[in-house]
file my_file27.txt (compact mmCIF, C-alpha atoms)
# COMPACT_ATOMS: atom_id res chain seq x y z
CA MET A 1 85.46 -20.85 118.75
CA SER A 2 83.06 -23.06 116.76
CA LYS A 3 83.91 -26.63 115.70
CA ALA A 4 84.02 -25.49 112.06
CA GLN A 5 86.59 -22.80 112.87
CA GLN A 6 88.65 -25.29 114.89
CA LYS A 7 88.63 -27.72 111.98
CA SER A 8 89.68 -24.89 109.64
CA LYS A 9 92.66 -24.03 111.86
CA ILE A 10 93.74 -27.71 111.90
CA ALA A 11 93.49 -27.90 108.10
CA ASN A 12 95.59 -24.72 107.74
CA SER A 13 98.24 -26.06 110.09
CA ASN A 14 98.38 -29.43 108.34
CA LEU A 15 98.75 -27.85 104.90
CA LEU A 16 101.71 -25.72 105.99
CA GLU A 17 103.23 -28.72 107.77
CA ALA A 18 102.83 -30.80 104.61
CA ILE A 19 104.59 -28.14 102.55
CA GLU A 20 107.48 -28.05 105.01
CA LEU A 21 107.76 -31.85 104.98
CA ILE A 22 107.91 -31.95 101.20
CA GLU A 23 110.58 -29.24 101.14
CA LYS A 24 112.65 -31.13 103.71
CA GLU A 25 112.33 -34.61 102.19
CA SER A 26 112.89 -33.46 98.60
CA GLU A 27 115.83 -31.19 99.34
CA HIS A 28 118.28 -33.46 97.51
CA ARG A 29 116.14 -35.98 95.63
CA GLY A 30 112.77 -36.73 94.14
CA LEU A 31 110.09 -38.75 95.89
CA SER A 32 108.02 -41.64 94.61
CA LEU A 33 104.24 -41.39 94.82
CA GLY A 34 104.33 -44.11 97.45
CA GLU A 35 106.77 -42.11 99.57
CA LEU A 36 104.64 -38.98 99.20
CA VAL A 37 101.49 -40.82 100.28
CA ASP A 38 103.31 -42.33 103.27
CA LEU A 39 104.74 -38.93 104.17
CA LEU A 40 101.36 -37.14 104.10
CA GLY A 41 99.06 -40.01 105.07
CA GLU A 42 98.31 -38.86 108.59
CA MET A 43 97.33 -35.40 107.34
CA GLY A 44 94.38 -36.69 105.37
CA HIS A 45 93.31 -37.27 101.81
CA GLY A 46 92.34 -33.67 101.10
CA ILE A 47 95.83 -32.26 101.55
CA LEU A 48 97.33 -35.07 99.47
CA ILE A 49 94.89 -34.35 96.63
CA LEU A 50 95.61 -30.61 96.83
CA LEU A 51 99.35 -31.10 96.58
CA LEU A 52 99.09 -33.57 93.70
CA CYS A 53 96.81 -31.22 91.74
CA LEU A 54 99.28 -28.34 91.93
CA PHE A 55 101.27 -30.02 89.14
CA PHE A 56 98.57 -29.07 86.68
CA LEU A 57 98.03 -25.35 87.32
CA GLN A 58 99.76 -24.52 84.05
CA PRO A 59 98.57 -24.96 80.45
CA ILE A 60 101.10 -27.59 79.33
CA PRO A 61 99.65 -31.11 79.75
CA LEU A 62 101.62 -33.77 81.62
CA PRO A 63 100.49 -37.08 80.04
CA GLY A 64 103.23 -39.07 81.76
CA ILE A 65 102.03 -38.33 85.28
CA SER A 66 98.42 -37.22 84.82
CA THR A 67 97.09 -40.79 84.58
CA PRO A 68 98.59 -42.19 87.82
CA ILE A 69 97.83 -38.97 89.71
CA GLY A 70 94.26 -38.95 88.40
CA MET A 71 93.79 -42.52 89.62
CA ILE A 72 95.29 -41.68 93.01
CA ILE A 73 92.91 -38.73 93.36
CA ILE A 74 89.93 -41.00 92.63
CA VAL A 75 91.06 -43.58 95.18
CA SER A 76 91.79 -40.88 97.78
CA ALA A 77 88.43 -39.16 97.25
CA ILE A 78 86.53 -42.43 97.67
CA LEU A 79 88.50 -43.42 100.76
CA GLN A 80 87.95 -39.96 102.23
CA PHE A 81 84.21 -40.29 101.63
CA LEU A 82 84.27 -43.69 103.36
CA ASN A 83 86.47 -42.35 106.19
CA LYS A 84 89.25 -44.82 105.39
CA ALA A 85 93.04 -44.40 105.71
CA PRO A 86 95.09 -43.20 102.68
CA TRP A 87 96.21 -45.88 100.22
CA ILE A 88 97.27 -46.11 96.57
CA PRO A 89 97.61 -49.13 94.24
CA ARG A 90 101.03 -50.80 94.29
CA ARG A 91 101.56 -50.19 90.56
CA PHE A 92 101.61 -46.41 91.13
CA ARG A 93 103.82 -46.34 94.22
CA LEU A 94 107.11 -46.41 92.27
CA HIS A 95 106.34 -43.43 90.00
CA VAL A 96 108.98 -40.83 90.95
CA ILE A 97 108.21 -37.11 91.16
CA PRO A 98 111.36 -35.10 90.28
CA GLN A 99 112.95 -32.90 92.94
CA LYS A 100 112.39 -29.72 90.91
CA ALA A 101 108.70 -30.54 90.54
CA LEU A 102 108.34 -31.09 94.28
CA HIS A 103 110.02 -27.77 94.99
CA LYS A 104 107.66 -26.07 92.57
CA ILE A 105 104.68 -27.70 94.31
CA ALA A 106 105.79 -26.28 97.65
CA VAL A 107 106.32 -22.78 96.23
CA VAL A 108 102.97 -22.73 94.43
CA ALA A 109 101.14 -24.14 97.46
CA ARG A 110 102.47 -21.35 99.68
CA LYS A 111 101.48 -18.67 97.15
CA ILE A 112 97.96 -20.03 96.65
CA TRP A 113 97.36 -20.44 100.36
CA SER A 114 98.61 -16.93 101.20
CA ARG A 115 96.05 -15.53 98.76
CA LEU A 116 93.11 -17.77 99.62
CA GLU A 117 93.27 -17.90 103.40
CA ARG A 118 91.83 -14.36 103.71
CA PHE A 119 88.68 -15.31 101.81
CA LEU A 120 87.91 -18.86 102.96
CA ASN A 121 85.47 -19.15 105.86
CA PRO A 122 83.07 -21.84 107.17
CA ARG A 123 79.67 -21.02 105.58
CA LEU A 124 76.79 -22.80 103.85
CA LEU A 125 77.88 -25.82 105.86
CA PHE A 126 75.17 -28.11 104.44
CA LEU A 127 77.15 -28.22 101.16
CA THR A 128 80.09 -29.87 102.91
CA ARG A 129 78.33 -31.85 105.66
CA VAL A 130 74.99 -33.20 104.39
CA PRO A 131 75.56 -36.73 102.98
CA VAL A 132 73.75 -36.01 99.70
CA PHE A 133 75.99 -33.03 98.92
CA ARG A 134 79.09 -34.89 100.10
CA PHE A 135 78.21 -37.57 97.55
CA VAL A 136 77.69 -34.95 94.83
CA ASN A 137 81.10 -33.49 95.71
CA LEU A 138 82.61 -36.97 95.44
CA LEU A 139 81.09 -37.46 91.97
CA ALA A 140 82.48 -34.09 90.84
CA LEU A 141 85.93 -35.09 92.09
CA ILE A 142 85.80 -38.49 90.38
CA LEU A 143 84.62 -37.00 87.08
CA SER A 144 87.31 -34.31 87.19
CA ALA A 145 90.03 -36.84 88.08
CA LEU A 146 88.98 -39.12 85.20
CA LEU A 147 89.27 -36.22 82.75
CA LEU A 148 92.57 -35.19 84.33
CA ALA A 149 93.86 -38.74 83.83
CA LEU A 150 93.27 -38.69 80.07
CA PRO A 151 96.67 -38.63 78.31
CA LEU A 152 95.76 -35.77 75.96
CA PRO A 153 98.61 -33.63 74.54
CA ILE A 154 96.31 -30.58 74.37
CA PRO A 155 96.80 -27.38 76.41
CA PHE A 156 94.53 -26.89 79.45
CA THR A 157 93.17 -30.45 79.41
CA ASN A 158 94.87 -31.01 82.78
CA THR A 159 94.39 -27.48 84.08
CA VAL A 160 90.59 -27.22 83.89
CA PRO A 161 89.90 -30.47 85.84
CA ALA A 162 92.60 -29.49 88.36
CA ILE A 163 90.80 -26.20 89.09
CA VAL A 164 87.57 -28.09 89.81
CA ILE A 165 89.37 -30.54 92.12
CA LEU A 166 91.24 -27.79 93.98
CA SER A 167 88.05 -25.77 94.44
CA ILE A 168 86.08 -28.64 95.93
CA VAL A 169 88.90 -29.96 98.12
CA PHE A 170 89.79 -26.51 99.47
CA ALA A 171 86.08 -25.98 100.15
CA GLN A 172 85.79 -29.26 102.03
CA LEU A 173 88.88 -28.56 104.13
CA GLU A 174 87.58 -25.10 105.06
CA GLU A 175 83.87 -26.04 105.00
CA ASP A 176 83.25 -23.12 102.66
CA GLY A 177 79.99 -23.65 100.79
CA PHE A 178 80.56 -20.63 98.53
CA LEU A 179 83.68 -22.28 97.17
CA ILE A 180 81.71 -25.50 96.67
CA LEU A 181 79.27 -23.52 94.51
CA PHE A 182 82.22 -22.19 92.51
CA GLY A 183 83.40 -25.78 92.13
CA TYR A 184 80.00 -26.76 90.75
CA PHE A 185 80.14 -23.88 88.29
CA MET A 186 83.62 -24.89 87.16
CA THR A 187 82.38 -28.47 86.73
CA PHE A 188 79.90 -27.25 84.10
CA VAL A 189 82.66 -25.16 82.50
CA MET A 190 84.86 -28.28 82.42
CA LEU A 191 82.14 -30.40 80.82
CA PHE A 192 81.50 -27.72 78.17
CA PHE A 193 85.26 -27.45 77.53
CA PHE A 194 85.70 -31.19 76.95
CA TYR A 195 82.46 -31.46 74.96
CA SER A 196 83.64 -28.65 72.67
CA LEU A 197 87.07 -30.27 72.40
CA GLY A 198 85.59 -33.67 71.57
CA THR A 199 83.20 -32.17 69.02
CA GLY A 200 86.04 -30.28 67.37
CA ILE A 201 88.25 -33.39 67.16
CA TRP A 202 85.39 -35.47 65.77
CA SER A 203 84.56 -32.81 63.17
CA PHE A 204 88.20 -32.65 62.13
CA ALA A 205 88.42 -36.45 61.85
CA GLN A 206 85.41 -36.54 59.51
CA ARG A 207 87.00 -34.29 56.90
CA PRO A 208 88.47 -36.12 53.88
CA TRP A 209 91.84 -34.35 54.08
CA ALA A 210 92.28 -35.25 57.76
CA SER A 211 93.62 -38.67 56.75
CA LEU A 212 96.70 -36.93 55.34
CA PHE A 213 97.81 -36.18 58.87

call {"tool": "encode", "arguments": {"input": "my_file27.txt", "output": "structure tokens"}}
result
Amino acid sequence: MSKAQQKSKIANSNLLEAIELIEKESEHRGLSLGELVDLLGEMGHGILILLLCLFFLQPIPLPGISTPIGMIIIVSAILQFLNKAPWIPRRFRLHVIPQKALHKIAVVARKIWSRLERFLNPRLLFLTRVPVFRFVNLLALILSALLLALPLPIPFTNTVPAIVILSIVFAQLEEDGFLILFGYFMTFVMLFFFYSLGTGIWSFAQRPWASLF
């Protein structure tokens, strides 16, 4: 078995273990972001980012939690790039994730993983290992997390960045360069989406009757 395949098996095991831990710890109560980070810290930044992003795989925006989670994703991505231990700012540690939301995360994570695991394989390894591409992946994650963090009450403004983040993080965990390429493609889709949204809002704001609203 190659090192890449061994790493893939470890990532798979850690993800399932993380899901089980969340189900166990949130059986009767919600968890704060600090508790979640402490609970999953040893499993790595990638799994933490994956689980946090699962909140946003639905069209309804979540302005109340998108900003702290977006900031945590940025911090985690940078620390992962620097090979540092997980950490989040103290101001975000007390944000509580409701028990129902945590249960939904676990259910969605199991469904996504059961569908993806058949297709993810170590390939095009330079896209996940070469420092230049690792830095490009980091920039894509930071950009997506910044857009995710925007408190916009507009459908899909959380979902589109979350898809980019999930694609790149899954690809890095499985060292799947094809999925990295999909993540790059979705990054351009995301930029076009927000550019079109910004242009539309600006055009609306310039109309004389817009002041009535």

call {"tool": "closest_residue", "arguments": {"input": "my_file27.txt", "among": "A:Ile22, A:Val136, A:Leu40, A:Val169", "to": "Lys100 in chain A", "atoms": "only C-alpha atoms"}}
result
A:Ile22

call {"tool": "closest_residue", "arguments": {"input": "my_file27.txt", "among": "A:Leu141, A:Leu31, A:Val160, A:Leu120", "to": "His103 in chain A", "atoms": "all atoms listed in the file"}}
result
A:Leu31

call {"tool": "atom_distance", "arguments": {"input": "my_file27.txt", "atom1": "CA of Val132 in chain A", "atom2": "CA of Asn158 in chain A"}}
result
27.5 Å

call {"tool": "residues_around", "arguments": {"input": "my_file27.txt", "residues": "Gln80 in chain A", "least_positions_apart": "6", "cutoff": "12 Å", "atoms": "all atoms listed in the file", "output": "number ranges by chain"}}
result
A: 41, 43-49, 72-74, 86-87, 134-135, 137-138, 141, 169, 172-173

call {"tool": "atom_distance", "arguments": {"input": "my_file27.txt", "atom1": "CA of Leu152 in chain A", "atom2": "CA of Pro61 in chain A"}}
result
7.2 Å
